[in-house]
$ cat coords.txt   # compact mmCIF, C-alpha atoms
# COMPACT_ATOMS: atom_id res chain seq x y z
CA MET A 1 155.79 73.40 139.73
CA ARG A 2 153.48 76.42 139.71
CA LEU A 3 154.46 78.32 142.85
CA GLY A 4 153.55 81.80 144.01
CA VAL A 5 152.52 83.97 146.93
CA HIS A 6 149.67 86.25 147.88
CA VAL A 7 150.96 89.56 146.53
CA SER A 8 150.17 92.78 148.35
CA LEU A 9 148.81 95.73 146.38
CA ALA A 10 149.75 98.18 149.13
CA GLY A 11 150.83 101.49 147.65
CA GLY A 12 150.59 100.33 144.06
CA LYS A 13 148.41 99.72 141.03
CA VAL A 14 146.73 96.39 140.38
CA TYR A 15 149.04 95.54 137.48
CA GLU A 16 152.12 95.81 139.71
CA VAL A 17 151.36 92.36 141.17
CA PHE A 18 153.19 90.82 138.22
CA SER A 19 156.49 92.66 138.65
CA ARG A 20 156.35 92.02 142.40
CA ALA A 21 155.75 88.30 141.82
CA ALA A 22 158.44 88.13 139.15
CA GLN A 23 161.00 89.54 141.58
CA LEU A 24 160.35 86.47 143.73
CA LYS A 25 160.58 84.16 140.68
CA CYS A 26 156.92 83.17 141.03
CA ASN A 27 155.04 81.72 138.06
CA THR A 28 151.57 82.04 139.60
CA LEU A 29 150.07 84.52 142.07
CA GLN A 30 147.10 85.55 144.16
CA PHE A 31 145.96 89.02 145.25
CA PHE A 32 143.03 91.07 146.53
CA SER A 33 141.65 93.21 143.71
CA ARG A 34 140.37 95.65 146.35
CA SER A 35 140.62 96.17 150.09
CA PRO A 36 139.68 92.90 151.84
CA GLN A 37 138.09 94.82 154.71
CA ARG A 38 136.06 97.37 152.75
CA TRP A 39 133.19 97.39 150.29
CA ARG A 40 133.99 98.49 146.75
CA ASP A 41 133.93 102.26 146.44
CA SER A 42 135.30 102.58 142.90
CA LYS A 43 135.93 100.61 139.75
CA LEU A 44 139.27 99.90 138.14
CA ASP A 45 140.25 102.37 135.48
CA PRO A 46 140.12 100.87 131.95
CA ALA A 47 143.75 101.91 131.50
CA GLU A 48 144.71 99.86 134.57
CA ILE A 49 142.87 96.84 133.20
CA GLU A 50 144.63 97.21 129.86
CA GLU A 51 148.02 97.46 131.55
CA PHE A 52 147.19 94.48 133.79
CA ASN A 53 146.54 92.34 130.71
CA ARG A 54 149.74 93.57 129.07
CA GLN A 55 151.79 92.74 132.17
CA ARG A 56 150.15 89.32 132.46
CA GLU A 57 151.27 88.47 128.93
CA LYS A 58 154.73 89.96 129.47
CA TYR A 59 155.55 87.90 132.56
CA ASP A 60 153.55 84.77 131.59
CA ILE A 61 152.45 84.27 135.20
CA LYS A 62 149.50 81.90 135.45
CA PRO A 63 147.05 80.89 136.74
CA VAL A 64 145.98 84.19 138.31
CA PHE A 65 143.89 83.92 141.48
CA ILE A 66 141.90 86.72 143.11
CA HIS A 67 140.88 86.31 146.75
CA ILE A 68 137.43 87.60 147.59
CA SER A 69 136.86 90.30 150.23
CA TYR A 70 136.44 89.12 153.83
CA LEU A 71 133.31 91.25 154.12
CA ILE A 72 131.40 89.08 151.69
CA ASN A 73 129.29 86.44 153.45
CA LEU A 74 127.20 84.28 151.14
CA ALA A 75 125.84 82.27 154.08
CA SER A 76 124.65 85.20 156.18
CA PRO A 77 121.13 85.13 157.67
CA ASP A 78 121.10 88.95 157.48
CA ARG A 79 119.17 89.71 154.29
CA ARG A 80 120.85 93.04 153.65
CA LEU A 81 124.36 91.61 154.04
CA TYR A 82 123.39 88.51 152.05
CA ASP A 83 122.03 90.43 149.05
CA GLY A 84 124.91 92.90 149.23
CA SER A 85 127.38 90.02 149.23
CA VAL A 86 125.81 88.51 146.11
CA ARG A 87 125.96 91.88 144.31
CA ALA A 88 129.59 92.43 145.35
CA TYR A 89 130.53 88.91 144.26
CA VAL A 90 129.01 89.43 140.83
CA GLU A 91 130.92 92.71 140.50
CA ASP A 92 134.16 90.97 141.46
CA ILE A 93 133.66 88.19 138.93
CA LEU A 94 132.96 90.67 136.14
CA GLU A 95 136.08 92.62 137.08
CA ALA A 96 138.10 89.40 137.27
CA GLN A 97 136.86 88.55 133.78
CA ALA A 98 138.03 91.95 132.49
CA LEU A 99 141.43 91.35 134.08
CA GLY A 100 141.71 87.91 132.55
CA ALA A 101 142.02 86.25 135.97
CA ASP A 102 141.42 82.52 136.11
CA TYR A 103 139.77 81.97 139.50
CA ILE A 104 138.19 83.72 142.46
CA VAL A 105 138.94 82.13 145.83
CA THR A 106 136.30 82.41 148.53
CA HIS A 107 135.66 81.28 152.06
CA MET A 108 132.27 79.60 152.36
CA GLY A 109 130.83 82.12 154.79
CA SER A 110 129.49 82.13 158.32
CA HIS A 111 126.02 80.95 159.31
CA LYS A 112 126.18 83.45 162.22
CA ASP A 113 125.01 81.08 164.95
CA THR A 114 121.95 79.83 163.09
CA TYR A 115 122.44 76.29 161.77
CA GLU A 116 125.10 74.84 159.48
CA SER A 117 122.41 73.31 157.29
CA ALA A 118 120.68 76.68 156.87
CA GLY A 119 123.98 78.40 156.11
CA LEU A 120 124.85 75.82 153.47
CA LYS A 121 121.46 76.28 151.82
CA ARG A 122 121.92 80.07 151.75
CA LEU A 123 125.41 79.66 150.29
CA THR A 124 124.13 77.30 147.60
CA ARG A 125 121.32 79.67 146.64
CA ALA A 126 123.77 82.57 146.48
CA LEU A 127 126.16 80.68 144.23
CA ASN A 128 123.32 79.69 141.92
CA ARG A 129 122.34 83.36 141.62
CA ILE A 130 125.95 84.38 141.01
CA LEU A 131 126.55 81.70 138.40
CA GLN A 132 123.36 82.66 136.58
CA LYS A 133 124.22 86.37 136.58
CA THR A 134 127.76 85.66 135.30
CA ALA A 135 126.88 82.84 132.92
CA LEU A 136 129.02 84.31 130.14
CA SER A 137 132.10 84.56 132.35
CA GLN A 138 134.91 82.02 132.28
CA VAL A 139 136.18 82.88 135.76
CA GLY A 140 136.11 79.89 138.09
CA ILE A 141 135.00 79.92 141.73
CA LEU A 142 137.05 78.02 144.30
CA LEU A 143 135.56 77.14 147.69
CA GLU A 144 138.25 77.24 150.35
CA ASN A 145 138.19 74.98 153.40
CA THR A 146 138.40 76.76 156.75
CA ALA A 147 139.79 76.11 160.22
CA GLY A 148 136.24 76.06 161.57
CA SER A 149 136.44 78.91 164.04
CA GLY A 150 133.18 80.39 165.24
CA SER A 151 130.34 79.66 162.87
CA TRP A 152 132.41 79.45 159.67
CA LEU A 153 131.40 76.80 157.18
CA GLY A 154 133.79 74.65 155.17
CA TYR A 155 135.85 73.02 157.93
CA LYS A 156 134.82 69.56 156.75
CA PHE A 157 134.55 68.48 153.14
CA LEU A 158 131.00 67.23 153.58
CA HIS A 159 130.09 70.93 153.42
CA GLN A 160 131.66 71.30 149.99
CA LYS A 161 129.89 68.16 148.82
CA LYS A 162 126.50 69.48 149.88
CA VAL A 163 127.04 72.84 148.17
CA LEU A 164 128.32 71.32 144.93
CA ALA A 165 125.40 68.88 144.87
CA GLY A 166 122.96 71.79 145.05
CA LEU A 167 124.39 73.81 142.18
CA LYS A 168 122.44 73.95 138.94
CA SER A 169 125.71 74.38 137.05
CA ARG A 170 128.96 73.36 138.71
CA GLN A 171 131.40 73.41 135.78
CA ARG A 172 133.00 76.62 137.02
CA VAL A 173 133.15 75.67 140.71
CA GLY A 174 136.02 73.80 142.34
CA LEU A 175 138.02 73.65 145.57
CA CYS A 176 140.95 75.48 147.13
CA LEU A 177 142.71 73.31 149.72
CA ASP A 178 144.33 75.27 152.54
CA THR A 179 146.78 73.03 154.39
CA ALA A 180 146.91 75.09 157.60
CA HIS A 181 143.13 75.28 157.76
CA ALA A 182 142.83 71.53 157.25
CA TYR A 183 145.25 70.76 160.08
CA LEU A 184 143.66 73.27 162.45
CA ALA A 185 140.22 71.86 161.60
CA GLY A 186 141.37 68.41 162.76
CA TYR A 187 142.90 66.68 159.71
CA ASP A 188 146.29 65.36 160.85
CA ILE A 189 148.11 66.00 157.58
CA ALA A 190 151.42 66.21 159.45
CA THR A 191 151.46 62.41 159.18
CA GLU A 192 151.41 60.24 156.07
CA GLU A 193 148.39 58.32 157.36
CA GLY A 194 146.50 61.51 158.12
CA LEU A 195 147.25 63.06 154.74
CA GLU A 196 146.07 59.95 152.90
CA LYS A 197 142.93 59.81 155.04
CA MET A 198 142.04 63.43 154.21
CA LEU A 199 142.73 62.99 150.50
CA GLY A 200 140.62 59.85 150.50
CA GLU A 201 137.76 61.76 152.09
CA ILE A 202 137.99 64.56 149.52
CA ASP A 203 138.16 62.05 146.68
CA ARG A 204 135.15 60.15 147.96
CA LEU A 205 133.00 63.22 148.60
CA VAL A 206 133.84 65.58 145.72
CA GLY A 207 136.81 64.21 143.76
CA LEU A 208 140.46 65.23 144.05
CA ASP A 209 140.27 66.58 140.52
CA GLN A 210 138.14 69.42 141.92
CA ILE A 211 141.17 70.88 143.75
CA LYS A 212 142.44 73.65 141.47
CA LEU A 213 144.64 75.46 144.03
CA ILE A 214 146.51 74.66 147.23
CA HIS A 215 147.12 77.36 149.81
CA LEU A 216 150.38 75.92 151.11
CA ASN A 217 150.69 77.15 154.67
CA ASP A 218 152.17 75.61 157.78
CA ALA A 219 149.91 75.78 160.85
CA LYS A 220 150.48 77.66 164.08
CA GLY A 221 148.60 75.86 166.81
CA GLU A 222 147.41 72.46 167.88
CA LEU A 223 145.64 69.89 165.73
CA GLY A 224 141.91 70.64 165.74
CA SER A 225 142.29 73.92 167.64
CA HIS A 226 140.12 75.75 165.05
CA HIS A 227 142.23 78.92 165.41
CA ASP A 228 143.12 80.25 161.95
CA ARG A 229 146.84 81.02 162.26
CA HIS A 230 149.46 80.40 159.58
CA GLU A 231 153.15 79.70 160.13
CA HIS A 232 156.30 79.75 157.98
CA ILE A 233 156.90 76.63 155.87
CA GLY A 234 158.41 73.87 158.00
CA LYS A 235 158.27 75.95 161.19
CA GLY A 236 154.76 75.04 162.33
CA SER A 237 152.77 72.04 163.50
CA ILE A 238 152.70 70.36 160.08
CA GLY A 239 156.49 70.65 159.90
CA ALA A 240 159.03 70.20 157.14
CA GLU A 241 158.34 66.50 156.57
CA GLY A 242 154.62 67.07 156.45
CA MET A 243 155.10 69.88 153.95
CA ARG A 244 157.44 67.68 151.89
CA ARG A 245 154.81 64.93 151.64
CA ILE A 246 152.14 67.41 150.53
CA ILE A 247 154.34 69.13 147.95
CA ASN A 248 155.50 65.85 146.41
CA HIS A 249 152.29 63.82 146.67
CA PRO A 250 151.55 62.30 143.24
CA ARG A 251 147.90 63.43 143.38
CA LEU A 252 148.81 67.00 144.37
CA LYS A 253 152.19 67.87 142.85
CA ASN A 254 150.78 69.37 139.64
CA ILE A 255 148.31 71.69 141.43
CA PRO A 256 149.35 75.37 141.72
CA LEU A 257 150.67 76.37 145.15
CA ILE A 258 150.11 79.79 146.72
CA LEU A 259 151.80 80.72 150.00
CA GLU A 260 149.90 82.82 152.55
CA THR A 261 152.65 82.55 155.14
CA PRO A 262 153.46 85.39 157.58
CA LYS A 263 155.01 88.50 156.06
CA ASP A 264 156.89 89.49 159.21
CA SER A 265 160.05 90.58 157.44
CA GLU A 266 161.04 91.91 154.04
CA ARG A 267 162.56 88.53 153.14
CA ALA A 268 159.75 86.36 154.51
CA ASP A 269 158.21 85.50 151.14
CA ALA A 270 161.60 84.75 149.57
CA LEU A 271 162.60 82.50 152.47
CA ASN A 272 159.33 80.55 152.38
CA LEU A 273 159.52 80.12 148.61
CA SER A 274 163.08 78.83 148.96
CA ALA A 275 161.93 76.38 151.62
CA VAL A 276 159.28 74.98 149.27
CA ARG A 277 161.74 74.68 146.39
CA ARG A 278 164.18 72.78 148.60
CA LEU A 279 161.47 70.38 149.71
CA ARG A 280 160.30 69.69 146.18
CA LYS A 281 161.87 66.59 144.64
CA VAL A 282 163.37 67.09 141.21
$ encode --input "coords.txt" --output "structure tokens"
Amino acid sequence: MRLGVHVSLAGGKVYEVFSRAAQLKCNTLQFFSRSPQRWRDSKLDPAEIEEFNRQREKYDIKPVFIHISYLINLASPDRRLYDGSVRAYVEDILEAQALGADYIVTHMGSHKDTYESAGLKRLTRALNRILQKTALSQVGILLENTAGSGSWLGYKFLHQKKVLAGLKSRQRVGLCLDTAHAYLAGYDIATEEGLEKMLGEIDRLVGLDQIKLIHLNDAKGELGSHHDRHEHIGKGSIGAEGMRRIINHPRLKNIPLILETPKDSERADALNLSAVRRLRKV
């Protein structure tokens, strides 16, 4: 089982994600390569990149996932924000390539109260531009499903299907499945029937083999509430049995798992990782 957490870079250098993950006995990880709430104001020092690659080899933690900044909106109708998002995304992919990261995880953007169809078209055009500008990169792009709050795209897998169908080259593009987002968007994955129904929908529309990462989060809130709130493993609306079915599902059990559960205590990550390991069948 490849299991890790979203590692904070607070107060440290980018390469310190590996030692922090290793302390938790993680064998995969995810992090923000820069502030998620701020545009890039500097580039990583070459020495940091070199040390990052050395640490990656030392700890043998893989795959390595980088989550994209929340400011980036590839579906925005605002031309300035849209073009700036494309430029920032290209910069992030090139940096991820230098770091030897495997994937960039991204939300699908907000159509900002225009139309979903228009937002999906803008997102598709943006991804085609990004893929063309980074054609020599091996870094994959993972489209994450959302809870569907506001005008965010990606709360139903028909959105992912439409975007993938419009890409000129889709070899580097896959899916990140967030369990909390799915439940809060209306997929009742707390039940066996609901989980199978969602997986059947994904398989029919895009293929389960396109899921390269699972954000394993319990959900805080009611089914279909569309409020994006995560809960500790087994303590939320999906619950321990729901989590157990997801973790051990034969079509999912070999996919890397990253926890984005609340960090409300110093031991929160360790406790959630232990909960997952207990639920996993040997």
$ closest_residue --input "coords.txt" --among "A:Arg172, A:Gly148, A:Asp209, A:Lys161" --to "Gln132 of chain A" --atoms "only C-alpha atoms"
A:Arg172
$ residues_around --input "coords.txt" --residues "segment 185-200 of chain A" --least-positions-apart "4" --cutoff "6 Å" --atoms "only C-alpha atoms" --output "PyMOL selection string"
chain A and resi 147-148+155+181+223-224+226+238+242
$ closest_residue --input "coords.txt" --among "A:Glu260, A:Trp152, A:Ile202, A:Asn248" --to "Asn217 of chain A" --atoms "all atoms listed in the file"
A:Glu260
$ atom_distance --input "coords.txt" --atom1 "atom CA of His6 of chain A" --atom2 "atom CA of Arg125 of chain A"
29.1 Å
$ closest_residue --input "coords.txt" --among "A:Ser225, A:Ser33, A:Thr124, A:Thr106" --to "Leu177 of chain A" --atoms "only C-alpha atoms"
A:Thr106
$ closest_atom_pairs --input "coords.txt" --of "segment 120-213 of chain A" --to "segment 66-80 of chain A" --cutoff "9 Å" --atoms "all atoms listed in the file" --output "JSON lines"
{"residue": "A:Leu120", "atom": "CA", "partner": "A:Ala75", "partner_atom": "CA", "distance": 6.6}
{"residue": "A:Lys121", "atom": "CA", "partner": "A:Ala75", "partner_atom": "CA", "distance": 7.8}
{"residue": "A:Arg122", "atom": "CA", "partner": "A:Ala75", "partner_atom": "CA", "distance": 5.1}
{"residue": "A:Leu123", "atom": "CA", "partner": "A:Ala75", "partner_atom": "CA", "distance": 4.6}
{"residue": "A:Thr124", "atom": "CA", "partner": "A:Ala75", "partner_atom": "CA", "distance": 8.3}
{"residue": "A:Arg125", "atom": "CA", "partner": "A:Leu74", "partner_atom": "CA", "distance": 8.7}
{"residue": "A:Ala126", "atom": "CA", "partner": "A:Leu74", "partner_atom": "CA", "distance": 6.0}
{"residue": "A:Leu127", "atom": "CA", "partner": "A:Leu74", "partner_atom": "CA", "distance": 7.9}
{"residue": "A:Leu153", "atom": "CA", "partner": "A:Ala75", "partner_atom": "CA", "distance": 8.4}
$ closest_residue --input "coords.txt" --among "A:Ala135, A:Leu44, A:Leu213, A:Val7" --to "Asp92 of chain A" --atoms "only C-alpha atoms"
A:Leu44
$ closest_residue --input "coords.txt" --among "A:Arg245, A:Arg251, A:Arg56, A:His107" --to "Tyr15 of chain A" --atoms "all atoms listed in the file"
A:Arg56
$ atom_distance --input "coords.txt" --atom1 "atom CA of Ile211 of chain A" --atom2 "atom CA of Leu142 of chain A"
8.3 Å
$ residues_around --input "coords.txt" --residues "Lys212 of chain A" --least-positions-apart "3" --cutoff "10 Å" --atoms "only C-alpha atoms" --output "list in words"
Pro63, Tyr103, Gly140, Ile141, Leu142, Leu143, Val173, Gly174, Leu175, Cys176, Leu177, Leu208, Asp209, Leu252, Asn254, Ile255, Pro256 and Leu257 of chain A
$ closest_residue --input "coords.txt" --among "A:Ile130, A:Ile93, A:Leu205, A:Ala21" --to "Leu3 of chain A" --atoms "only C-alpha atoms"
A:Ala21
$ residues_around --input "coords.txt" --residues "Leu94 of chain A" --least-positions-apart "3" --cutoff "9 Å" --atoms "only C-alpha atoms" --output "JSON list (two decimals) with C-alpha atoms, keeping the file's coordinate frame"
[["chain", "number", "residue", "atom", "x", "y", "z"],
["A", 89, "TYR", "CA", 130.53, 88.91, 144.26],
["A", 90, "VAL", "CA", 129.01, 89.43, 140.83],
["A", 91, "GLU", "CA", 130.92, 92.71, 140.50],
["A", 97, "GLN", "CA", 136.86, 88.55, 133.78],
["A", 98, "ALA", "CA", 138.03, 91.95, 132.49],
["A", 99, "LEU", "CA", 141.43, 91.35, 134.08],
["A", 134, "THR", "CA", 127.76, 85.66, 135.30],
["A", 137, "SER", "CA", 132.10, 84.56, 132.35],
["A", 139, "VAL", "CA", 136.18, 82.88, 135.76]]
$ atom_distance --input "coords.txt" --atom1 "atom CA of Gly4 of chain A" --atom2 "atom CA of Ile214 of chain A"
10.5 Å
$ closest_atom_pairs --input "coords.txt" --of "segment 11-54 of chain A" --to "segment 269-274 of chain A" --cutoff "10 Å" --atoms "only C-alpha atoms" --output "tab-separated table"
residue	atom	partner	partner_atom	distance
A:Gln23	CA	A:Ala270	CA	9.3
A:Leu24	CA	A:Ala270	CA	6.2
A:Lys25	CA	A:Leu273	CA	9.0
A:Cys26	CA	A:Leu273	CA	8.6
$ residues_around --input "coords.txt" --residues "Ser237 of chain A" --least-positions-apart "2" --cutoff "8 Å" --atoms "all atoms listed in the file" --output "PyMOL selection string"
chain A and resi 190+218-223+235+239
$ build_atoms --input "coords.txt" --residues "segment 140-175 of chain A" --atoms "N, CA and C atoms" --output "PDB file, in the coordinates of the input"
ATOM      1  N   GLY A 140     136.524  80.952 137.195  1.00  0.00           N
ATOM      2  CA  GLY A 140     136.110  79.890 138.090  1.00  0.00           C
ATOM      3  C   GLY A 140     135.975  80.362 139.523  1.00  0.00           C
ATOM      4  N   ILE A 141     135.209  79.638 140.310  1.00  0.00           N
ATOM      5  CA  ILE A 141     135.000  79.920 141.730  1.00  0.00           C
ATOM      6  C   ILE A 141     135.561  78.753 142.530  1.00  0.00           C
ATOM      7  N   LEU A 142     136.451  79.060 143.478  1.00  0.00           N
ATOM      8  CA  LEU A 142     137.050  78.020 144.300  1.00  0.00           C
ATOM      9  C   LEU A 142     136.614  78.172 145.748  1.00  0.00           C
ATOM     10  N   LEU A 143     136.008  77.139 146.302  1.00  0.00           N
ATOM     11  CA  LEU A 143     135.560  77.140 147.690  1.00  0.00           C
ATOM     12  C   LEU A 143     136.704  76.673 148.575  1.00  0.00           C
ATOM     13  N   GLU A 144     137.111  77.542 149.488  1.00  0.00           N
ATOM     14  CA  GLU A 144     138.250  77.240 150.350  1.00  0.00           C
ATOM     15  C   GLU A 144     137.796  76.628 151.672  1.00  0.00           C
ATOM     16  N   ASN A 145     138.470  75.559 152.090  1.00  0.00           N
ATOM     17  CA  ASN A 145     138.190  74.980 153.400  1.00  0.00           C
ATOM     18  C   ASN A 145     138.684  75.914 154.498  1.00  0.00           C
ATOM     19  N   THR A 146     138.067  75.854 155.645  1.00  0.00           N
ATOM     20  CA  THR A 146     138.400  76.760 156.750  1.00  0.00           C
ATOM     21  C   THR A 146     138.848  75.979 157.970  1.00  0.00           C
ATOM     22  N   ALA A 147     139.368  76.724 158.956  1.00  0.00           N
ATOM     23  CA  ALA A 147     139.790  76.110 160.220  1.00  0.00           C
ATOM     24  C   ALA A 147     138.602  75.792 161.115  1.00  0.00           C
ATOM     25  N   GLY A 148     137.447  76.376 160.815  1.00  0.00           N
ATOM     26  CA  GLY A 148     136.240  76.060 161.570  1.00  0.00           C
ATOM     27  C   GLY A 148     136.037  76.893 162.820  1.00  0.00           C
ATOM     28  N   SER A 149     136.653  78.060 162.868  1.00  0.00           N
ATOM     29  CA  SER A 149     136.440  78.910 164.040  1.00  0.00           C
ATOM     30  C   SER A 149     135.051  79.530 163.992  1.00  0.00           C
ATOM     31  N   GLY A 150     134.496  79.773 165.165  1.00  0.00           N
ATOM     32  CA  GLY A 150     133.180  80.390 165.240  1.00  0.00           C
ATOM     33  C   GLY A 150     132.129  79.606 164.490  1.00  0.00           C
ATOM     34  N   SER A 151     131.400  80.316 163.629  1.00  0.00           N
ATOM     35  CA  SER A 151     130.340  79.660 162.870  1.00  0.00           C
ATOM     36  C   SER A 151     130.678  79.585 161.376  1.00  0.00           C
ATOM     37  N   TRP A 152     131.988  79.539 161.075  1.00  0.00           N
ATOM     38  CA  TRP A 152     132.410  79.450 159.670  1.00  0.00           C
ATOM     39  C   TRP A 152     132.145  78.061 159.108  1.00  0.00           C
ATOM     40  N   LEU A 153     131.637  78.044 157.899  1.00  0.00           N
ATOM     41  CA  LEU A 153     131.400  76.800 157.180  1.00  0.00           C
ATOM     42  C   LEU A 153     132.663  76.379 156.430  1.00  0.00           C
ATOM     43  N   GLY A 154     132.702  75.114 156.023  1.00  0.00           N
ATOM     44  CA  GLY A 154     133.790  74.650 155.170  1.00  0.00           C
ATOM     45  C   GLY A 154     134.920  73.963 155.901  1.00  0.00           C
ATOM     46  N   TYR A 155     134.761  73.662 157.188  1.00  0.00           N
ATOM     47  CA  TYR A 155     135.850  73.020 157.930  1.00  0.00           C
ATOM     48  C   TYR A 155     135.865  71.508 157.754  1.00  0.00           C
ATOM     49  N   LYS A 156     134.830  70.967 157.133  1.00  0.00           N
ATOM     50  CA  LYS A 156     134.820  69.560 156.750  1.00  0.00           C
ATOM     51  C   LYS A 156     134.297  69.468 155.329  1.00  0.00           C
ATOM     52  N   PHE A 157     134.804  68.500 154.585  1.00  0.00           N
ATOM     53  CA  PHE A 157     134.550  68.480 153.140  1.00  0.00           C
ATOM     54  C   PHE A 157     133.150  67.984 152.786  1.00  0.00           C
ATOM     55  N   LEU A 158     132.413  67.520 153.789  1.00  0.00           N
ATOM     56  CA  LEU A 158     131.000  67.230 153.580  1.00  0.00           C
ATOM     57  C   LEU A 158     130.257  68.519 153.227  1.00  0.00           C
ATOM     58  N   HIS A 159     130.709  69.652 153.757  1.00  0.00           N
ATOM     59  CA  HIS A 159     130.090  70.930 153.420  1.00  0.00           C
ATOM     60  C   HIS A 159     130.238  71.237 151.940  1.00  0.00           C
ATOM     61  N   GLN A 160     131.441  71.045 151.418  1.00  0.00           N
ATOM     62  CA  GLN A 160     131.660  71.300 149.990  1.00  0.00           C
ATOM     63  C   GLN A 160     130.818  70.359 149.133  1.00  0.00           C
ATOM     64  N   LYS A 161     130.706  69.118 149.570  1.00  0.00           N
ATOM     65  CA  LYS A 161     129.890  68.160 148.820  1.00  0.00           C
ATOM     66  C   LYS A 161     128.448  68.628 148.738  1.00  0.00           C
ATOM     67  N   LYS A 162     127.900  69.065 149.858  1.00  0.00           N
ATOM     68  CA  LYS A 162     126.500  69.480 149.880  1.00  0.00           C
ATOM     69  C   LYS A 162     126.267  70.706 148.987  1.00  0.00           C
ATOM     70  N   VAL A 163     127.193  71.650 149.005  1.00  0.00           N
ATOM     71  CA  VAL A 163     127.040  72.840 148.170  1.00  0.00           C
ATOM     72  C   VAL A 163     127.140  72.474 146.690  1.00  0.00           C
ATOM     73  N   LEU A 164     128.146  71.706 146.328  1.00  0.00           N
ATOM     74  CA  LEU A 164     128.320  71.320 144.930  1.00  0.00           C
ATOM     75  C   LEU A 164     127.114  70.532 144.417  1.00  0.00           C
ATOM     76  N   ALA A 165     126.561  69.688 145.275  1.00  0.00           N
ATOM     77  CA  ALA A 165     125.400  68.880 144.870  1.00  0.00           C
ATOM     78  C   ALA A 165     124.182  69.738 144.602  1.00  0.00           C
ATOM     79  N   GLY A 166     124.123  70.930 145.221  1.00  0.00           N
ATOM     80  CA  GLY A 166     122.960  71.790 145.050  1.00  0.00           C
ATOM     81  C   GLY A 166     123.080  72.813 143.942  1.00  0.00           C
ATOM     82  N   LEU A 167     124.201  72.840 143.255  1.00  0.00           N
ATOM     83  CA  LEU A 167     124.390  73.810 142.180  1.00  0.00           C
ATOM     84  C   LEU A 167     123.731  73.341 140.891  1.00  0.00           C
ATOM     85  N   LYS A 168     123.071  74.271 140.215  1.00  0.00           N
ATOM     86  CA  LYS A 168     122.440  73.950 138.940  1.00  0.00           C
ATOM     87  C   LYS A 168     123.472  73.796 137.834  1.00  0.00           C
ATOM     88  N   SER A 169     124.597  74.490 137.991  1.00  0.00           N
ATOM     89  CA  SER A 169     125.710  74.380 137.050  1.00  0.00           C
ATOM     90  C   SER A 169     126.995  74.462 137.847  1.00  0.00           C
ATOM     91  N   ARG A 170     127.773  73.387 137.861  1.00  0.00           N
ATOM     92  CA  ARG A 170     128.960  73.360 138.710  1.00  0.00           C
ATOM     93  C   ARG A 170     130.264  73.302 137.930  1.00  0.00           C
ATOM     94  N   GLN A 171     130.190  73.515 136.601  1.00  0.00           N
ATOM     95  CA  GLN A 171     131.400  73.410 135.780  1.00  0.00           C
ATOM     96  C   GLN A 171     132.472  74.406 136.175  1.00  0.00           C
ATOM     97  N   ARG A 172     132.043  75.576 136.682  1.00  0.00           N
ATOM     98  CA  ARG A 172     133.000  76.620 137.020  1.00  0.00           C
ATOM     99  C   ARG A 172     133.399  76.624 138.490  1.00  0.00           C
ATOM    100  N   VAL A 173     132.925  75.652 139.267  1.00  0.00           N
ATOM    101  CA  VAL A 173     133.150  75.670 140.710  1.00  0.00           C
ATOM    102  C   VAL A 173     134.050  74.499 141.112  1.00  0.00           C
ATOM    103  N   GLY A 174     135.103  74.817 141.856  1.00  0.00           N
ATOM    104  CA  GLY A 174     136.020  73.800 142.340  1.00  0.00           C
ATOM    105  C   GLY A 174     136.432  74.094 143.770  1.00  0.00           C
ATOM    106  N   LEU A 175     137.563  73.520 144.193  1.00  0.00           N
ATOM    107  CA  LEU A 175     138.020  73.650 145.570  1.00  0.00           C
ATOM    108  C   LEU A 175     139.397  74.296 145.629  1.00  0.00           C
TER     109      LEU A 175
END
